[in-house]
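Peer 1: See protein-v2.txt below, with compact mmCIF, C-alpha atoms.
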```
# COMPACT_ATOMS: atom_id res chain seq x y z
CA MET Z 1 -82.46 13.13 -78.39
CA GLU Z 2 -83.65 13.57 -74.91
CA ASN Z 3 -83.47 9.79 -74.35
CA LYS Z 4 -79.83 9.84 -75.38
CA LYS Z 5 -79.06 12.58 -72.85
CA VAL Z 6 -80.80 10.64 -70.09
CA VAL Z 7 -78.88 7.45 -70.96
CA LYS Z 8 -75.60 9.36 -71.10
CA LYS Z 9 -76.31 10.98 -67.74
CA ASN Z 10 -77.19 7.65 -66.15
CA GLN Z 11 -73.99 6.10 -67.62
CA LYS Z 12 -71.88 8.90 -66.13
CA LYS Z 13 -73.52 8.44 -62.75
CA SER Z 14 -72.89 4.69 -62.93
CA ASP Z 15 -69.21 5.26 -63.79
CA GLN Z 16 -68.80 7.57 -60.77
CA GLU Z 17 -70.41 4.98 -58.50
CA ASN Z 18 -68.14 2.26 -59.94
CA LEU Z 19 -65.09 4.47 -59.47
CA LEU Z 20 -66.10 5.23 -55.89
CA GLN Z 21 -66.69 1.56 -55.26
CA ALA Z 22 -63.29 0.69 -56.75
CA SER Z 23 -61.59 2.78 -54.11
CA PHE Z 24 -62.59 0.11 -51.55
CA ASP Z 25 -61.65 -3.58 -51.67
CA TYR Z 26 -63.82 -6.42 -50.60
CA ASN Z 27 -62.74 -5.84 -46.97
CA GLY Z 28 -63.53 -2.15 -47.05
CA LYS Z 29 -59.89 -0.95 -47.40
CA SER Z 30 -59.18 2.37 -49.05
CA LEU Z 31 -57.09 2.71 -52.17
CA ASP Z 32 -54.19 4.27 -50.20
CA GLU Z 33 -54.20 1.37 -47.80
CA LEU Z 34 -54.15 -1.07 -50.67
CA LYS Z 35 -51.19 0.77 -52.19
CA LEU Z 36 -49.30 0.58 -48.88
CA ILE Z 37 -50.08 -3.12 -48.53
CA ARG Z 38 -48.94 -3.73 -52.09
CA LYS Z 39 -45.72 -1.84 -51.45
CA ILE Z 40 -45.05 -3.91 -48.31
CA GLU Z 41 -45.71 -7.12 -50.19
CA GLN Z 42 -43.36 -6.04 -52.97
CA GLU Z 43 -40.62 -5.28 -50.44
CA LYS Z 44 -41.25 -8.64 -48.77
CA ASN Z 45 -41.02 -10.39 -52.12
CA ARG Z 46 -37.81 -8.53 -52.88
CA ARG Z 47 -36.25 -9.64 -49.62
CA GLU Z 48 -37.35 -13.19 -50.19
CA GLN Z 49 -35.78 -13.04 -53.61
CA ASN Z 50 -32.54 -11.56 -52.12
CA PRO Z 51 -32.03 -13.38 -48.75
CA VAL Z 52 -28.27 -12.63 -48.79
CA ASP Z 53 -28.81 -8.87 -48.67
CA SER Z 54 -31.23 -9.24 -45.78
CA PHE Z 55 -28.80 -11.48 -43.90
CA MET Z 56 -25.90 -9.06 -44.45
CA ILE Z 57 -27.93 -6.16 -43.13
CA LYS Z 58 -28.83 -8.12 -39.99
CA LEU Z 59 -25.20 -9.24 -39.59
CA ILE Z 60 -23.91 -5.68 -39.88
CA ILE Z 61 -26.41 -4.50 -37.26
CA VAL Z 62 -25.39 -7.31 -34.91
CA LEU Z 63 -21.69 -6.55 -35.41
CA ILE Z 64 -22.24 -2.88 -34.68
CA LEU Z 65 -24.08 -3.73 -31.47
CA VAL Z 66 -21.33 -6.18 -30.47
CA CYS Z 67 -18.65 -3.55 -31.10
CA ILE Z 68 -20.51 -1.03 -28.98
CA LEU Z 69 -20.90 -3.57 -26.17
CA VAL Z 70 -17.22 -4.56 -26.32
CA THR Z 71 -16.17 -0.90 -26.27
CA ILE Z 72 -18.29 -0.26 -23.19
CA ILE Z 73 -16.89 -3.33 -21.38
CA VAL Z 74 -13.26 -2.54 -22.26
CA SER Z 75 -13.68 1.08 -21.21
CA SER Z 76 -15.18 0.02 -17.88
CA VAL Z 77 -12.34 -2.43 -17.26
CA LEU Z 78 -9.67 0.15 -18.12
CA ILE Z 79 -11.28 2.79 -15.95
CA SER Z 80 -11.58 0.33 -13.07
CA LYS Z 81 -7.98 -0.83 -13.54
CA ASN Z 82 -6.70 2.74 -13.66
CA HIS Z 83 -8.67 3.60 -10.54
CA ASN Z 84 -7.34 0.54 -8.69
CA GLN Z 85 -3.80 1.35 -9.82
CA LYS Z 86 -4.11 4.89 -8.52
CA ASN Z 87 -5.46 3.58 -5.20
CA SER Z 88 -2.64 1.04 -5.02
CA ASN Z 89 0.00 3.68 -5.68
CA SER Z 90 -1.61 5.95 -3.14
CA VAL Z 91 -1.57 3.26 -0.43
CA GLU Z 92 2.05 2.30 -1.18
CA MET Z 93 3.15 5.93 -1.07
CA ARG Z 94 1.37 6.34 2.26
CA VAL Z 95 3.23 3.35 3.73
CA GLU Z 96 6.58 4.59 2.40
CA SER Z 97 5.90 8.09 3.69
CA THR Z 98 5.06 6.76 7.15
CA LEU Z 99 8.25 4.70 7.33
CA THR Z 100 10.37 7.55 5.99
CA SER Z 101 8.98 10.07 8.45
CA CYS Z 102 9.87 7.81 11.40
CA GLN Z 103 13.46 7.07 10.22
CA GLU Z 104 15.04 5.73 13.42
CA LEU Z 105 12.81 3.65 15.68
CA VAL Z 106 13.94 3.39 19.28
CA SER Z 107 11.80 0.53 20.44
CA TYR Z 108 13.45 -0.20 23.80
CA LYS Z 109 15.34 1.84 26.40
CA TYR Z 110 17.32 0.28 29.22
CA ARG Z 111 18.17 2.65 32.04
CA TYR Z 112 20.98 1.68 34.37
CA GLN Z 113 22.61 3.10 37.50
CA GLN Z 114 25.85 1.76 38.92
CA MET Z 115 28.62 2.41 41.48
CA ASP Z 116 32.16 1.33 40.64
CA PHE Z 117 35.71 1.76 41.84
CA ILE Z 118 38.21 3.01 39.34
CA LYS Z 119 41.75 2.21 40.36
CA HIS Z 120 45.12 3.20 39.06
CA SER Z 121 48.42 1.80 40.34
CA ALA Z 122 51.83 3.21 39.58
CA SER Z 123 53.35 0.39 41.66
CA SER Z 124 52.25 -2.11 44.26
CA SER Z 125 52.53 0.56 46.92
CA TRP Z 126 51.21 3.54 45.04
CA THR Z 127 47.48 3.20 44.22
CA SER Z 128 44.79 5.77 43.62
CA TYR Z 129 41.07 5.12 43.33
CA VAL Z 130 37.81 6.92 42.60
CA LEU Z 131 34.38 5.71 43.65
CA LEU Z 132 31.89 6.76 40.97
CA LYS Z 133 28.13 6.65 40.80
CA TYR Z 134 26.86 6.92 37.23
CA SER Z 135 23.62 6.60 35.27
CA GLY Z 136 23.08 5.86 31.60
CA ILE Z 137 20.57 4.95 28.91
CA LEU Z 138 20.99 2.05 26.52
CA ARG Z 139 18.84 2.43 23.37
CA ALA Z 140 17.99 -0.39 20.96
CA GLY Z 141 15.79 -0.62 17.88
CA ILE Z 142 15.81 -0.12 14.11
CA LYS Z 143 18.40 2.34 12.88
CA ASP Z 144 16.74 3.24 9.56
CA LEU Z 145 13.12 2.39 8.75
CA ASN Z 146 13.82 3.30 5.11
CA GLN Z 147 15.47 -0.11 4.88
CA CYS Z 148 12.15 -1.83 5.61
CA THR Z 149 10.40 -3.56 2.74
CA PHE Z 150 6.73 -4.47 2.59
CA GLU Z 151 4.09 -6.46 0.74
CA MET Z 152 0.37 -5.77 0.41
CA SER Z 153 -2.54 -8.01 -0.47
CA ASP Z 154 -4.45 -7.35 -3.70
CA ASP Z 155 -7.31 -5.72 -1.79
CA LYS Z 156 -4.82 -3.47 0.08
CA LYS Z 157 -6.21 -4.56 3.44
CA ASN Z 158 -3.30 -6.71 4.65
CA LEU Z 159 0.26 -5.47 5.10
CA LYS Z 160 3.46 -7.45 5.71
CA ILE Z 161 6.60 -5.54 6.78
CA PHE Z 162 10.16 -6.89 6.73
CA THR Z 163 12.51 -5.00 9.03
CA PRO Z 164 16.32 -4.84 9.02
CA GLU Z 165 18.31 -6.21 11.95
CA LEU Z 166 17.71 -4.81 15.41
CA GLU Z 167 20.78 -3.15 16.89
CA ILE Z 168 22.12 -1.02 19.72
CA LEU Z 169 21.44 2.58 18.75
CA GLY Z 170 23.20 4.29 21.63
CA ASN Z 171 24.73 3.91 25.05
CA GLU Z 172 25.30 7.19 26.80
CA ILE Z 173 26.26 8.11 30.33
CA SER Z 174 23.68 10.69 31.34
CA SER Z 175 25.31 11.66 34.67
CA TYR Z 176 28.05 10.65 37.07
CA GLU Z 177 29.14 11.66 40.55
CA VAL Z 178 32.37 11.14 42.49
CA LEU Z 179 31.40 9.71 45.86
CA ASP Z 180 34.90 9.16 47.17
CA GLU Z 181 38.47 9.35 45.97
CA TYR Z 182 41.95 8.68 47.14
CA GLN Z 183 44.74 10.11 45.04
CA ARG Z 184 48.45 9.45 45.29
CA TRP Z 185 50.82 11.96 43.82
CA PHE Z 186 52.67 9.45 41.65
CA SER Z 187 49.56 7.49 40.63
CA ALA Z 188 46.88 10.13 40.36
CA LEU Z 189 44.01 9.41 37.94
CA THR Z 190 43.61 11.85 35.12
CA VAL Z 191 40.20 12.87 33.77
CA LYS Z 192 40.95 11.03 30.52
CA GLU Z 193 41.77 7.81 32.37
CA THR Z 194 38.61 8.14 34.43
CA MET Z 195 36.41 8.59 31.37
CA GLU Z 196 38.07 5.71 29.50
CA GLU Z 197 37.45 3.42 32.44
CA LEU Z 198 33.89 4.66 32.61
CA ASP Z 199 33.46 3.75 28.92
CA ARG Z 200 34.69 0.23 29.64
CA LYS Z 201 32.18 -0.10 32.45
CA LYS Z 202 29.22 1.00 30.33
CA LEU Z 203 30.24 -1.30 27.46
CA GLN Z 204 30.41 -4.19 29.89
CA LEU Z 205 26.87 -3.33 30.94
CA GLU Z 206 25.89 -3.31 27.24
CA LYS Z 207 27.24 -6.84 26.76
CA GLU Z 208 25.36 -8.09 29.78
CA ALA Z 209 22.14 -6.45 28.62
CA VAL Z 210 22.44 -8.02 25.14
CA GLN Z 211 23.14 -11.42 26.65
CA ASN Z 212 20.05 -11.04 28.82
CA GLY Z 213 17.80 -10.48 25.78
CA LEU Z 214 17.85 -6.72 25.20
CA LEU Z 215 17.67 -7.05 21.39
CA LYS Z 216 14.84 -9.57 21.61
CA GLU Z 217 12.89 -7.14 23.77
CA ALA Z 218 13.62 -4.36 21.28
CA ALA Z 219 12.42 -6.54 18.38
CA ASP Z 220 9.15 -7.41 20.14
CA HIS Z 221 8.49 -3.76 20.97
CA ALA Z 222 9.33 -2.67 17.40
CA LYS Z 223 6.90 -5.27 16.05
CA LEU Z 224 4.15 -4.07 18.37
CA THR Z 225 4.82 -0.41 17.52
CA LEU Z 226 4.69 -0.96 13.75
CA GLU Z 227 1.55 -3.10 14.00
CA LYS Z 228 -0.28 -0.42 15.99
CA MET Z 229 0.95 2.31 13.64
CA PHE Z 230 -0.38 0.70 10.47
CA LEU Z 231 -3.55 -0.71 12.00
CA ALA Z 232 -4.36 2.88 12.94
CA ALA Z 233 -3.62 3.83 9.30
CA GLY Z 234 -6.51 1.63 8.13
CA PHE Z 235 -5.07 -1.82 7.45
CA GLU Z 236 -7.09 -4.76 8.75
CA ARG Z 237 -4.09 -7.02 9.37
CA VAL Z 238 -0.42 -6.14 9.85
CA GLN Z 239 2.40 -8.65 10.12
CA VAL Z 240 5.93 -7.62 11.05
CA VAL Z 241 8.86 -9.94 10.31
CA TYR Z 242 12.38 -9.28 11.61
CA PRO Z 243 15.53 -11.30 10.86
CA PRO Z 244 17.13 -13.68 13.39
CA ILE Z 245 18.87 -11.83 16.18
CA ASP Z 246 22.65 -12.15 16.19
CA ILE Z 247 24.33 -11.02 19.42
CA SER Z 248 27.82 -12.24 18.53
CA PRO Z 249 29.06 -8.84 17.25
CA TYR Z 250 28.38 -7.37 20.69
CA ILE Z 251 29.66 -10.29 22.74
CA ASN Z 252 32.87 -11.01 20.81
CA LYS Z 253 34.05 -7.42 20.42
CA THR Z 254 36.84 -6.44 22.81
CA ASP Z 255 36.69 -3.40 25.06
CA GLU Z 256 39.39 -1.70 22.99
CA GLU Z 257 37.35 -2.16 19.79
CA ASN Z 258 34.25 -0.81 21.46
CA ILE Z 259 36.07 2.23 22.82
CA SER Z 260 37.62 3.00 19.41
CA ALA Z 261 34.16 2.66 17.81
CA GLU Z 262 32.80 5.15 20.29
```
Show this structure as structure tokens.

Peer 2:
Amino acid sequence: MENKKVVKKNQKKSDQENLLQASFDYNGKSLDELKLIRKIEQEKNRREQNPVDSFMIKLIIVLILVCILVTIIVSSVLISKNHNQKNSNSVEMRVESTLTSCQELVSYKYRYQQMDFIKHSASSSWTSYVLLKYSGILRAGIKDLNQCTFEMSDDKKNLKIFTPELEILGNEISSYEVLDEYQRWFSALTVKETMEELDRKKLQLEKEAVQNGLLKEAADHAKLTLEKMFLAAGFERVQVVYPPIDISPYINKTDEENISAE
């Protein structure tokens, strides 16, 4: 009876040792580690048995990443485009504002001073005259800068301005003085006649000035003025283009037409 108890006890001890030993594989791995390895192998086998599912998962992941990348790129492009558009609009508005604020551009002034006889004859024997000394200012340039058009380079660094025609903006007598006069009773000069004759004299001076290149001088000065103005505004290169100068309207107009226009 005692031998049976000893054998039973030894058998129980042997079973515990075997159970303890079974918790380790031949490489010394624990039972939990073996379970994890087995689970990984099963998952690997499952994937190998279902390659389509594995491929679809990878494809979906790649598509998601591509969509995210495309969204980032498109957003960056739109933001950049919107920023550039705002800058472009801002620069164009600045140019328009500058031209509008100037309005009329007097680019050249011609100052003159003359002495002339003004005569009036009622007959061959009745003549009156006045010797006048007068001064005036002839102004030429661009009447309305709002009529200018312009182009800008894509980088907004170069500006090209197209101006309207250059023209005479004014011709005013600033002062006059009667140096001598001789008046006959029947041929006396009235103030109106004196002023009309004075207008003819100044318009004759205007014709001569235009023929001598007044409008060309005004165009060159206008070009220089606009270039300096917009170079100071930040543009790297400014080009000003004005149309061909036509002096025929000033040369062909009669004195009577000029006086009525005044």

Peer 1: With all atoms listed in the file as the counted atoms, please give the residues lying no more than 8 Å from Z:Asn171, apart from itself and same-chain residues fewer than 2 positions off, as a PyMOL selection string.

Peer 2: chain Z and resi 136-139+168-169+173+202-203+206

Peer 1: Hey, can you check how far atom CA of Z:Lys223 sits from atom CA of Z:Glu92?

Peer 2: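 Those two atoms sit 19.4 Å apart.
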
Peer 1: Could you work out how far atom CA of Z:Glu41 lies from atom CA of Z:Leu65, giving the answer in Å with one decimal?

Peer 2: 28.8 Å

Peer 1: Rounded to one decimal place, report the atom CA of Z:Lys109-atom CA of Z:Thr149 distance in Å.

Peer 2: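 It comes out at 24.8 Å.
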
Peer 1: With only C-alpha atoms as the basis for distance, which of Z:Ala140, Z:Ile251, Z:Val178, Z:Met195 is at the shortest distance from Z:Asp220?

Peer 2: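 Using only C-alpha atoms, Z:Asp220 sits closest to Z:Ala140.
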
Peer 1: The residues within 12 Å of (2.0, -0.4, 12.9), using only C-alpha atoms and the coordinates of the file, should be reported as a ChimeraX atom specification; which are they?

Peer 2: /Z:95,98-99,102,105,158-161,221-240

Peer 1: Between Z:Ser248, Z:Thr163, Z:Tyr242, Z:Ile118, which one has atoms that come closest to Z:Arg200, using all atoms listed in the file?

Peer 2: Z:Ile118

Peer 1: Kindly indicate which residue among Z:Ala219, Z:Ile247, Z:Gln114, Z:Leu63 lies nearest to Z:Ser135, using only C-alpha atoms for the distances.

Peer 2: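 Using only C-alpha atoms, the shortest distance to Z:Ser135 belongs to Z:Gln114.
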